[in-house]
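protein_20.cif (mmCIF, N, CA and C atoms) appears below.
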```cif
data_input
loop_
_atom_site.label_atom_id
_atom_site.label_comp_id
_atom_site.auth_asym_id
_atom_site.auth_seq_id
_atom_site.Cartn_x
_atom_site.Cartn_y
_atom_site.Cartn_z
N ASP A 1 -36.29 -82.40 146.30
CA ASP A 1 -35.12 -82.28 147.17
C ASP A 1 -35.54 -81.59 148.44
N GLU A 2 -35.05 -82.11 149.56
CA GLU A 2 -35.29 -81.50 150.85
C GLU A 2 -33.95 -81.24 151.54
N ALA A 3 -33.91 -80.19 152.32
CA ALA A 3 -32.70 -79.87 153.08
C ALA A 3 -33.11 -79.48 154.50
N LEU A 4 -32.45 -80.08 155.47
CA LEU A 4 -32.66 -79.75 156.87
C LEU A 4 -31.30 -79.50 157.49
N ASN A 5 -31.07 -78.30 157.92
CA ASN A 5 -29.82 -77.93 158.58
C ASN A 5 -30.11 -77.59 160.03
N LEU A 6 -29.43 -78.26 160.93
CA LEU A 6 -29.57 -77.98 162.35
C LEU A 6 -28.27 -77.40 162.86
N SER A 7 -28.38 -76.41 163.70
CA SER A 7 -27.20 -75.89 164.38
C SER A 7 -27.61 -75.54 165.80
N GLY A 8 -26.65 -75.58 166.67
CA GLY A 8 -26.97 -75.26 168.05
C GLY A 8 -25.76 -75.33 168.94
N SER A 9 -26.00 -75.02 170.17
CA SER A 9 -24.95 -75.10 171.17
C SER A 9 -25.59 -75.50 172.49
N GLY A 10 -24.77 -76.03 173.37
CA GLY A 10 -25.28 -76.48 174.65
C GLY A 10 -24.27 -76.23 175.75
N PHE A 11 -24.76 -76.29 176.97
CA PHE A 11 -23.91 -76.05 178.13
C PHE A 11 -24.36 -76.96 179.27
N ASN A 12 -23.37 -77.57 179.94
CA ASN A 12 -23.64 -78.30 181.17
C ASN A 12 -22.40 -78.24 182.05
N LEU A 13 -22.53 -78.78 183.22
CA LEU A 13 -21.43 -78.79 184.18
C LEU A 13 -21.36 -80.18 184.80
N THR A 14 -20.16 -80.73 184.88
CA THR A 14 -19.95 -82.02 185.53
C THR A 14 -18.97 -81.84 186.68
N LEU A 15 -19.39 -82.32 187.84
CA LEU A 15 -18.54 -82.26 189.02
C LEU A 15 -18.34 -83.67 189.55
N GLY A 16 -17.15 -83.96 190.00
CA GLY A 16 -16.90 -85.30 190.50
C GLY A 16 -15.73 -85.34 191.45
N THR A 17 -15.59 -86.49 192.05
CA THR A 17 -14.48 -86.69 192.97
C THR A 17 -14.00 -88.13 192.86
N ILE A 18 -12.73 -88.32 193.12
CA ILE A 18 -12.13 -89.65 193.17
C ILE A 18 -11.35 -89.73 194.46
N VAL A 19 -11.58 -90.79 195.22
CA VAL A 19 -10.84 -91.00 196.46
C VAL A 19 -10.21 -92.39 196.44
N ARG A 20 -9.10 -92.51 197.16
CA ARG A 20 -8.40 -93.78 197.26
C ARG A 20 -8.26 -94.11 198.75
N PRO A 21 -9.30 -94.77 199.31
CA PRO A 21 -9.27 -95.01 200.75
C PRO A 21 -8.13 -95.93 201.19
N ILE A 22 -7.78 -96.89 200.36
CA ILE A 22 -6.60 -97.73 200.59
C ILE A 22 -5.91 -97.92 199.25
N ASP A 23 -4.69 -98.38 199.24
CA ASP A 23 -3.91 -98.49 198.01
C ASP A 23 -4.58 -99.36 196.94
N GLN A 24 -5.34 -100.37 197.35
CA GLN A 24 -5.92 -101.31 196.39
C GLN A 24 -7.28 -100.88 195.85
N VAL A 25 -7.87 -99.80 196.38
CA VAL A 25 -9.24 -99.41 195.99
C VAL A 25 -9.29 -97.92 195.64
N GLN A 26 -9.97 -97.64 194.54
CA GLN A 26 -10.22 -96.26 194.11
C GLN A 26 -11.72 -96.14 193.86
N VAL A 27 -12.37 -95.13 194.43
CA VAL A 27 -13.81 -94.94 194.30
C VAL A 27 -14.06 -93.54 193.76
N GLY A 28 -15.03 -93.44 192.86
CA GLY A 28 -15.35 -92.15 192.28
C GLY A 28 -16.84 -91.92 192.18
N PHE A 29 -17.22 -90.65 192.13
CA PHE A 29 -18.62 -90.25 191.99
C PHE A 29 -18.66 -88.96 191.18
N SER A 30 -19.67 -88.82 190.32
CA SER A 30 -19.84 -87.57 189.58
C SER A 30 -21.31 -87.28 189.36
N VAL A 31 -21.60 -86.02 189.17
CA VAL A 31 -22.94 -85.57 188.84
C VAL A 31 -22.82 -84.58 187.69
N ALA A 32 -23.68 -84.75 186.68
CA ALA A 32 -23.71 -83.84 185.53
C ALA A 32 -25.06 -83.14 185.50
N THR A 33 -25.02 -81.83 185.41
CA THR A 33 -26.26 -81.06 185.32
C THR A 33 -26.93 -81.32 183.98
N PRO A 34 -28.20 -80.99 183.87
CA PRO A 34 -28.84 -81.10 182.56
C PRO A 34 -28.09 -80.24 181.53
N THR A 35 -28.01 -80.75 180.31
CA THR A 35 -27.43 -79.95 179.23
C THR A 35 -28.54 -79.12 178.62
N GLY A 36 -28.34 -77.84 178.56
CA GLY A 36 -29.31 -76.94 177.94
C GLY A 36 -28.85 -76.60 176.54
N TYR A 37 -29.61 -77.05 175.55
CA TYR A 37 -29.28 -76.80 174.14
C TYR A 37 -30.17 -75.70 173.58
N ALA A 38 -29.61 -74.81 172.79
CA ALA A 38 -30.36 -73.86 171.98
C ALA A 38 -30.16 -74.29 170.53
N ILE A 39 -31.25 -74.63 169.84
CA ILE A 39 -31.17 -75.26 168.53
C ILE A 39 -31.94 -74.43 167.50
N THR A 40 -31.39 -74.35 166.30
CA THR A 40 -32.05 -73.71 165.17
C THR A 40 -32.14 -74.71 164.03
N ASP A 41 -33.35 -74.92 163.51
CA ASP A 41 -33.59 -75.77 162.33
C ASP A 41 -33.91 -74.87 161.15
N ASN A 42 -33.31 -75.13 160.01
CA ASN A 42 -33.66 -74.46 158.76
C ASN A 42 -34.05 -75.54 157.75
N TYR A 43 -35.29 -75.48 157.27
CA TYR A 43 -35.82 -76.49 156.36
C TYR A 43 -36.23 -75.82 155.05
N SER A 44 -35.93 -76.50 153.94
CA SER A 44 -36.40 -76.03 152.64
C SER A 44 -36.63 -77.25 151.75
N ALA A 45 -37.47 -77.06 150.73
CA ALA A 45 -37.75 -78.14 149.78
C ALA A 45 -37.94 -77.54 148.39
N SER A 46 -37.58 -78.32 147.38
CA SER A 46 -37.80 -77.90 145.99
C SER A 46 -38.18 -79.12 145.17
N MET A 47 -38.85 -78.85 144.04
CA MET A 47 -39.32 -79.93 143.18
C MET A 47 -39.22 -79.48 141.73
N SER A 48 -38.81 -80.39 140.84
CA SER A 48 -38.75 -80.13 139.40
C SER A 48 -39.46 -81.27 138.69
N THR A 49 -40.20 -80.93 137.64
CA THR A 49 -40.89 -81.96 136.84
C THR A 49 -40.61 -81.73 135.36
N SER A 50 -40.74 -82.78 134.58
CA SER A 50 -40.57 -82.71 133.13
C SER A 50 -41.77 -83.39 132.49
N TRP A 51 -42.50 -82.67 131.63
CA TRP A 51 -43.78 -83.14 131.11
C TRP A 51 -43.79 -83.48 129.63
N ASN A 52 -42.76 -83.26 128.90
CA ASN A 52 -42.71 -83.61 127.47
C ASN A 52 -43.86 -82.98 126.67
N ASN A 53 -44.01 -81.68 126.83
CA ASN A 53 -45.00 -80.90 126.07
C ASN A 53 -46.44 -81.36 126.34
N PHE A 54 -46.78 -81.56 127.62
CA PHE A 54 -48.11 -82.03 128.04
C PHE A 54 -49.14 -80.91 127.88
N GLU A 55 -50.28 -81.21 127.27
CA GLU A 55 -51.37 -80.23 127.09
C GLU A 55 -52.33 -80.38 128.27
N TYR A 56 -52.21 -79.47 129.25
CA TYR A 56 -53.05 -79.57 130.44
C TYR A 56 -54.34 -78.78 130.30
N LEU A 57 -54.42 -77.82 129.40
CA LEU A 57 -55.64 -77.12 129.00
C LEU A 57 -55.58 -76.97 127.49
N PRO A 58 -56.71 -76.83 126.84
CA PRO A 58 -56.67 -76.67 125.37
C PRO A 58 -55.72 -75.51 124.98
N GLY A 59 -54.72 -75.86 124.22
CA GLY A 59 -53.76 -74.87 123.74
C GLY A 59 -52.70 -74.47 124.76
N LYS A 60 -52.72 -75.03 125.96
CA LYS A 60 -51.73 -74.70 127.00
C LYS A 60 -50.88 -75.93 127.26
N PHE A 61 -49.58 -75.81 127.04
CA PHE A 61 -48.65 -76.92 127.18
C PHE A 61 -47.61 -76.61 128.26
N ILE A 62 -47.16 -77.67 128.90
CA ILE A 62 -46.08 -77.52 129.88
C ILE A 62 -44.98 -78.50 129.56
N ASN A 63 -43.76 -78.10 129.89
CA ASN A 63 -42.61 -78.98 129.73
C ASN A 63 -41.91 -79.18 131.06
N LYS A 64 -41.33 -78.14 131.57
CA LYS A 64 -40.63 -78.24 132.85
C LYS A 64 -41.27 -77.25 133.83
N GLU A 65 -41.47 -77.75 135.03
CA GLU A 65 -42.03 -76.91 136.10
C GLU A 65 -41.14 -77.04 137.33
N ASN A 66 -40.96 -75.96 138.05
CA ASN A 66 -40.16 -75.93 139.27
C ASN A 66 -40.94 -75.23 140.37
N ALA A 67 -40.78 -75.69 141.58
CA ALA A 67 -41.40 -75.05 142.73
C ALA A 67 -40.48 -75.23 143.93
N LYS A 68 -40.52 -74.29 144.86
CA LYS A 68 -39.72 -74.42 146.07
C LYS A 68 -40.40 -73.70 147.22
N THR A 69 -40.07 -74.13 148.41
CA THR A 69 -40.60 -73.49 149.61
C THR A 69 -39.68 -72.35 150.03
N ASP A 70 -40.20 -71.53 150.90
CA ASP A 70 -39.34 -70.58 151.60
C ASP A 70 -38.53 -71.39 152.61
N ILE A 71 -37.50 -70.79 153.13
CA ILE A 71 -36.75 -71.44 154.20
C ILE A 71 -37.58 -71.29 155.48
N LEU A 72 -37.91 -72.42 156.10
CA LEU A 72 -38.68 -72.44 157.33
C LEU A 72 -37.72 -72.59 158.50
N THR A 73 -37.76 -71.66 159.43
CA THR A 73 -36.82 -71.65 160.55
C THR A 73 -37.56 -71.90 161.86
N SER A 74 -37.01 -72.79 162.67
CA SER A 74 -37.54 -73.06 164.01
C SER A 74 -36.41 -72.89 165.02
N ASN A 75 -36.69 -72.15 166.08
CA ASN A 75 -35.75 -71.99 167.19
C ASN A 75 -36.38 -72.60 168.43
N TYR A 76 -35.65 -73.48 169.09
CA TYR A 76 -36.18 -74.12 170.29
C TYR A 76 -35.05 -74.55 171.20
N ASN A 77 -35.42 -75.00 172.39
CA ASN A 77 -34.46 -75.42 173.40
C ASN A 77 -34.74 -76.86 173.79
N LEU A 78 -33.70 -77.56 174.19
CA LEU A 78 -33.83 -78.92 174.70
C LEU A 78 -32.99 -79.02 175.97
N ALA A 79 -33.60 -79.53 177.03
CA ALA A 79 -32.88 -79.78 178.28
C ALA A 79 -32.84 -81.28 178.51
N THR A 80 -31.63 -81.81 178.65
CA THR A 80 -31.47 -83.24 178.92
C THR A 80 -31.52 -83.47 180.43
N PRO A 81 -31.67 -84.72 180.87
CA PRO A 81 -31.78 -84.98 182.31
C PRO A 81 -30.44 -84.93 183.05
N TRP A 82 -30.54 -84.88 184.38
CA TRP A 82 -29.38 -85.02 185.24
C TRP A 82 -28.76 -86.39 185.03
N ARG A 83 -27.47 -86.51 185.29
CA ARG A 83 -26.80 -87.81 185.20
C ARG A 83 -25.94 -87.99 186.46
N LEU A 84 -26.17 -89.09 187.16
CA LEU A 84 -25.39 -89.44 188.35
C LEU A 84 -24.60 -90.69 188.04
N SER A 85 -23.33 -90.71 188.44
CA SER A 85 -22.53 -91.91 188.18
C SER A 85 -21.54 -92.14 189.30
N GLY A 86 -21.20 -93.40 189.46
CA GLY A 86 -20.23 -93.78 190.47
C GLY A 86 -19.51 -95.03 190.02
N GLY A 87 -18.36 -95.26 190.58
CA GLY A 87 -17.60 -96.43 190.19
C GLY A 87 -16.51 -96.76 191.18
N ALA A 88 -15.96 -97.93 190.99
CA ALA A 88 -14.87 -98.38 191.86
C ALA A 88 -13.89 -99.19 191.04
N THR A 89 -12.63 -99.09 191.40
CA THR A 89 -11.57 -99.87 190.78
C THR A 89 -10.81 -100.60 191.88
N PHE A 90 -10.57 -101.88 191.65
CA PHE A 90 -9.83 -102.71 192.60
C PHE A 90 -8.54 -103.15 191.93
N PHE A 91 -7.42 -102.76 192.53
CA PHE A 91 -6.11 -103.10 191.99
C PHE A 91 -5.64 -104.43 192.56
N ILE A 92 -5.15 -105.29 191.68
CA ILE A 92 -4.67 -106.61 192.07
C ILE A 92 -3.14 -106.58 192.03
N GLY A 93 -2.58 -106.00 193.05
CA GLY A 93 -1.12 -105.85 193.09
C GLY A 93 -0.62 -105.14 191.84
N LYS A 94 0.42 -105.69 191.23
CA LYS A 94 0.95 -105.15 189.98
C LYS A 94 0.49 -105.99 188.80
N HIS A 95 -0.53 -106.83 189.02
CA HIS A 95 -1.00 -107.74 187.99
C HIS A 95 -2.16 -107.17 187.16
N GLY A 96 -2.81 -106.12 187.59
CA GLY A 96 -3.93 -105.55 186.85
C GLY A 96 -4.97 -104.96 187.77
N PHE A 97 -6.16 -104.77 187.24
CA PHE A 97 -7.25 -104.20 188.02
C PHE A 97 -8.59 -104.64 187.45
N VAL A 98 -9.62 -104.48 188.27
CA VAL A 98 -11.01 -104.74 187.88
C VAL A 98 -11.79 -103.49 188.23
N SER A 99 -12.65 -103.05 187.31
CA SER A 99 -13.42 -101.85 187.59
C SER A 99 -14.90 -102.07 187.29
N ALA A 100 -15.74 -101.29 187.96
CA ALA A 100 -17.19 -101.33 187.76
C ALA A 100 -17.71 -99.90 187.86
N ASP A 101 -18.59 -99.54 186.96
CA ASP A 101 -19.21 -98.21 186.95
C ASP A 101 -20.71 -98.37 186.82
N ALA A 102 -21.45 -97.46 187.44
CA ALA A 102 -22.90 -97.40 187.30
C ALA A 102 -23.28 -95.95 187.01
N GLU A 103 -24.24 -95.79 186.11
CA GLU A 103 -24.69 -94.45 185.72
C GLU A 103 -26.21 -94.45 185.70
N TRP A 104 -26.84 -93.43 186.31
CA TRP A 104 -28.29 -93.33 186.36
C TRP A 104 -28.73 -92.08 185.60
N MET A 105 -29.73 -92.27 184.74
CA MET A 105 -30.34 -91.14 184.03
C MET A 105 -31.84 -91.35 183.96
N LYS A 106 -32.58 -90.28 184.11
CA LYS A 106 -34.04 -90.31 184.01
C LYS A 106 -34.42 -89.64 182.68
N TYR A 107 -34.41 -90.44 181.60
CA TYR A 107 -34.64 -89.90 180.26
C TYR A 107 -35.99 -89.22 180.12
N SER A 108 -36.97 -89.63 180.92
CA SER A 108 -38.30 -89.02 180.83
C SER A 108 -38.29 -87.56 181.29
N ALA A 109 -37.20 -87.09 181.88
CA ALA A 109 -37.11 -85.70 182.33
C ALA A 109 -36.62 -84.75 181.23
N ALA A 110 -36.26 -85.28 180.06
CA ALA A 110 -35.86 -84.40 178.95
C ALA A 110 -37.06 -83.52 178.57
N LYS A 111 -36.78 -82.30 178.14
CA LYS A 111 -37.88 -81.37 177.90
C LYS A 111 -37.54 -80.36 176.80
N TYR A 112 -38.49 -80.20 175.87
CA TYR A 112 -38.39 -79.15 174.85
C TYR A 112 -39.08 -77.89 175.35
N SER A 113 -38.57 -76.75 174.92
CA SER A 113 -39.22 -75.47 175.22
C SER A 113 -38.87 -74.49 174.11
N SER A 114 -39.51 -73.33 174.15
CA SER A 114 -39.28 -72.33 173.12
C SER A 114 -39.52 -70.95 173.70
N THR A 115 -38.82 -69.97 173.17
CA THR A 115 -39.04 -68.59 173.58
C THR A 115 -40.14 -67.95 172.74
N THR A 116 -40.59 -68.65 171.71
CA THR A 116 -41.70 -68.16 170.89
C THR A 116 -43.00 -68.81 171.38
N ASN A 117 -44.04 -68.72 170.60
CA ASN A 117 -45.33 -69.28 171.00
C ASN A 117 -45.48 -70.75 170.62
N ASP A 118 -44.40 -71.43 170.24
CA ASP A 118 -44.48 -72.85 169.89
C ASP A 118 -44.91 -73.65 171.12
N ASP A 119 -45.82 -74.59 170.90
CA ASP A 119 -46.33 -75.43 171.99
C ASP A 119 -45.67 -76.80 171.93
N TRP A 120 -44.85 -77.10 172.90
CA TRP A 120 -44.13 -78.37 172.95
C TRP A 120 -44.78 -79.34 173.94
N SER A 121 -45.96 -79.03 174.47
CA SER A 121 -46.55 -79.86 175.51
C SER A 121 -46.83 -81.29 175.02
N ALA A 122 -47.27 -81.47 173.78
CA ALA A 122 -47.53 -82.82 173.27
C ALA A 122 -46.24 -83.62 173.16
N ASP A 123 -45.17 -82.98 172.70
CA ASP A 123 -43.87 -83.66 172.60
C ASP A 123 -43.34 -84.04 173.98
N ASN A 124 -43.45 -83.11 174.93
CA ASN A 124 -42.97 -83.38 176.28
C ASN A 124 -43.79 -84.49 176.95
N LYS A 125 -45.09 -84.52 176.68
CA LYS A 125 -45.94 -85.58 177.22
C LYS A 125 -45.53 -86.94 176.63
N GLU A 126 -45.21 -86.96 175.34
CA GLU A 126 -44.77 -88.19 174.70
C GLU A 126 -43.43 -88.67 175.26
N ILE A 127 -42.52 -87.75 175.52
CA ILE A 127 -41.23 -88.10 176.13
C ILE A 127 -41.46 -88.74 177.50
N LYS A 128 -42.33 -88.13 178.30
CA LYS A 128 -42.62 -88.69 179.63
C LYS A 128 -43.25 -90.07 179.54
N GLY A 129 -44.07 -90.30 178.51
CA GLY A 129 -44.74 -91.58 178.37
C GLY A 129 -43.88 -92.68 177.79
N LEU A 130 -42.92 -92.33 176.94
CA LEU A 130 -42.10 -93.33 176.25
C LEU A 130 -40.81 -93.69 176.98
N PHE A 131 -40.22 -92.74 177.66
CA PHE A 131 -38.90 -92.94 178.23
C PHE A 131 -38.96 -93.17 179.73
N ARG A 132 -38.00 -93.87 180.25
CA ARG A 132 -37.93 -94.23 181.67
C ARG A 132 -36.53 -93.92 182.22
N SER A 133 -36.38 -94.17 183.50
CA SER A 133 -35.06 -94.10 184.12
C SER A 133 -34.29 -95.35 183.77
N VAL A 134 -32.98 -95.19 183.60
CA VAL A 134 -32.14 -96.34 183.30
C VAL A 134 -30.89 -96.31 184.17
N VAL A 135 -30.34 -97.49 184.38
CA VAL A 135 -29.04 -97.63 185.02
C VAL A 135 -28.15 -98.35 184.03
N ASN A 136 -27.07 -97.73 183.65
CA ASN A 136 -26.07 -98.33 182.78
C ASN A 136 -24.94 -98.87 183.64
N LEU A 137 -24.62 -100.14 183.43
CA LEU A 137 -23.54 -100.78 184.19
C LEU A 137 -22.40 -101.13 183.24
N ARG A 138 -21.18 -100.86 183.69
CA ARG A 138 -20.00 -101.20 182.91
C ARG A 138 -19.01 -101.90 183.81
N PHE A 139 -18.46 -103.00 183.30
CA PHE A 139 -17.46 -103.76 184.03
C PHE A 139 -16.25 -103.95 183.13
N GLY A 140 -15.09 -103.96 183.71
CA GLY A 140 -13.90 -104.17 182.90
C GLY A 140 -12.72 -104.58 183.75
N GLY A 141 -11.68 -104.93 183.08
CA GLY A 141 -10.47 -105.32 183.79
C GLY A 141 -9.29 -105.34 182.85
N GLU A 142 -8.16 -105.37 183.43
CA GLU A 142 -6.93 -105.40 182.64
C GLU A 142 -5.89 -106.20 183.36
#
```
Encoding of this model in structure tokens:
Amino acid sequence: DEALNLSGSGFNLTLGTIVRPIDQVQVGFSVATPTGYAITDNYSASMSTSWNNFEYLPGKFINKENAKTDILTSNYNLATPWRLSGGATFFIGKHGFVSADAEWMKYSAAKYSSTTNDDWSADNKEIKGLFRSVVNLRFGGE
């Protein structure tokens, strides 16, 4: 049996604005700061076996054996990337609207760190190598 419990908290700030230059158009923009997470992992494992009176040494028999680890705790931080987004809505009289949104994130900017002597450089290098910037587009209407 293994158990992994994660707990943490994070903080970020999102600022934005919406303007309506004319009655039929609404335009918005927002920026979100990186989210800074403080995370704690607690890991433990245990094992039980049943041997049916197994003779592992002459005259020495075993039936049930149990073993477990200590609780292993890791404390670390994760910073997510900045997020920029913008969008526009076009109103079609009283008949409905059409909207479009775009969001940009540079996932390769995510970064692990620690206040202890843990070395996250290999993980951060892998993040930079595997992840890229993306643009998410959303369209809709009603």
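Restricting the calculation to only C-alpha atoms, the smallest distance between Ile92 in chain A and any of A:Val25, A:Leu4, A:Ala79, A:Leu15 is found for A:Val25.
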Selection dump of the PyMOL selection byres ((chain A and resi 29) around 8), as a PyMOL selection string: chain A and resi 15-19+26-28+30-32+84-88
Nearest candidate to Met105 in chain A (options A:Tyr76, A:Tyr37, A:Trp82, A:Phe139; using all atoms listed in the file): A:Trp82
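Here, the PyMOL selection byres ((chain A and resi 141) around 5) matches Phe97, Val98, Ser99, Phe139, Gly140 and Glu142 of chain A.
You will find atom N of Thr49 in chain A at 5.5 Å from CA of Lys64 in chain A.
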Backbone DSSP call of strand (DSSP E) for range 3-133 of chain A, listed as an MDAnalysis selection string: chainID A and resid 3:11 14:22 25:32 36:57 60:68 72:79 83:91 97:106 111:113 133
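With distances restricted to only C-alpha atoms, A:Trp104 is the closest residue to Asn136 in chain A from A:Trp51, A:Phe90, A:Tyr56, A:Trp104.
Taking atom C of Lys128 in chain A and atom N of Ser114 in chain A as the two end points, the separation is 18.0 Å.
Using all atoms listed in the file for every distance, the candidate list A:Leu78, A:Ala100, A:Leu57, A:Ile71 yields A:Leu78 as the residue closest to Ile39 in chain A.
Once Gly36 in chain A and its same-chain neighbours fewer than 5 positions away are set aside, Ser9, Gly10, Phe11, Asn12, Asn77, Leu78, Ala79, Thr80, Pro81, Ala110, Lys111 and Tyr112 of chain A remain within 10 Å of it when counting only C-alpha atoms.
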Just write the chosen residues, N, CA and C atoms, as a CSV table (one decimal), keeping the file's coordinate frame.
```csv
chain,number,residue,atom,x,y,z
A,9,SER,N,-26.0,-75.0,170.2
A,9,SER,CA,-25.0,-75.1,171.2
A,9,SER,C,-25.6,-75.5,172.5
A,10,GLY,N,-24.8,-76.0,173.4
A,10,GLY,CA,-25.3,-76.5,174.6
A,10,GLY,C,-24.3,-76.2,175.8
A,11,PHE,N,-24.8,-76.3,177.0
A,11,PHE,CA,-23.9,-76.0,178.1
A,11,PHE,C,-24.4,-77.0,179.3
A,12,ASN,N,-23.4,-77.6,179.9
A,12,ASN,CA,-23.6,-78.3,181.2
A,12,ASN,C,-22.4,-78.2,182.0
A,77,ASN,N,-35.4,-75.0,172.4
A,77,ASN,CA,-34.5,-75.4,173.4
A,77,ASN,C,-34.7,-76.9,173.8
A,78,LEU,N,-33.7,-77.6,174.2
A,78,LEU,CA,-33.8,-78.9,174.7
A,78,LEU,C,-33.0,-79.0,176.0
A,79,ALA,N,-33.6,-79.5,177.0
A,79,ALA,CA,-32.9,-79.8,178.3
A,79,ALA,C,-32.8,-81.3,178.5
A,80,THR,N,-31.6,-81.8,178.6
A,80,THR,CA,-31.5,-83.2,178.9
A,80,THR,C,-31.5,-83.5,180.4
A,81,PRO,N,-31.7,-84.7,180.9
A,81,PRO,CA,-31.8,-85.0,182.3
A,81,PRO,C,-30.4,-84.9,183.0
A,110,ALA,N,-36.3,-85.3,180.1
A,110,ALA,CA,-35.9,-84.4,179.0
A,110,ALA,C,-37.1,-83.5,178.6
A,111,LYS,N,-36.8,-82.3,178.1
A,111,LYS,CA,-37.9,-81.4,177.9
A,111,LYS,C,-37.5,-80.4,176.8
A,112,TYR,N,-38.5,-80.2,175.9
A,112,TYR,CA,-38.4,-79.2,174.8
A,112,TYR,C,-39.1,-77.9,175.4
```
Result set, the PyMOL selection byres ((chain A and resi 40-42) around 7) on current file, as JSON, numbers by chain: {"A": [3, 4, 5, 6, 7, 8, 9, 38, 39, 43, 44, 71, 72, 73, 74, 75, 76]}
Within 10 Å of Val134 in chain A using only C-alpha atoms, minus same-chain residues under 3 positions, as a ChimeraX atom specification: /A:103-108,131,137
For the residues selected in the previous step, produce a file with N, CA and C atoms as a tab-separated table (two decimals), in the frame of the given file.
```tsv
chain	number	residue	atom	x	y	z
A	103	GLU	N	-24.24	-95.79	186.11
A	103	GLU	CA	-24.69	-94.45	185.72
A	103	GLU	C	-26.21	-94.45	185.70
A	104	TRP	N	-26.84	-93.43	186.31
A	104	TRP	CA	-28.29	-93.33	186.36
A	104	TRP	C	-28.73	-92.08	185.60
A	105	MET	N	-29.73	-92.27	184.74
A	105	MET	CA	-30.34	-91.14	184.03
A	105	MET	C	-31.84	-91.35	183.96
A	106	LYS	N	-32.58	-90.28	184.11
A	106	LYS	CA	-34.04	-90.31	184.01
A	106	LYS	C	-34.42	-89.64	182.68
A	107	TYR	N	-34.41	-90.44	181.60
A	107	TYR	CA	-34.64	-89.90	180.26
A	107	TYR	C	-35.99	-89.22	180.12
A	108	SER	N	-36.97	-89.63	180.92
A	108	SER	CA	-38.30	-89.02	180.83
A	108	SER	C	-38.29	-87.56	181.29
A	131	PHE	N	-40.22	-92.74	177.66
A	131	PHE	CA	-38.90	-92.94	178.23
A	131	PHE	C	-38.96	-93.17	179.73
A	137	LEU	N	-24.62	-100.14	183.43
A	137	LEU	CA	-23.54	-100.78	184.19
A	137	LEU	C	-22.40	-101.13	183.24
```
Size and centre in Å, one decimal, axis-aligned box, all listed range 38-57 of chain A atoms plus 8 Å per side, as AutoDock Vina command-line options:
```
--center_x -42.6 --center_y -78.7 --center_z 149.4 --size_x 42.0 --size_y 25.9 --size_z 62.7
```
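Atom to atom, atom N of Thr116 in chain A and atom C of Thr33 in chain A stand 22.3 Å apart.
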DSSP alpha helix (DSSP H) selection over chain A, as JSON, numbers by chain: {"A": [121, 122, 123, 124, 125, 126, 127, 128, 129, 130]}
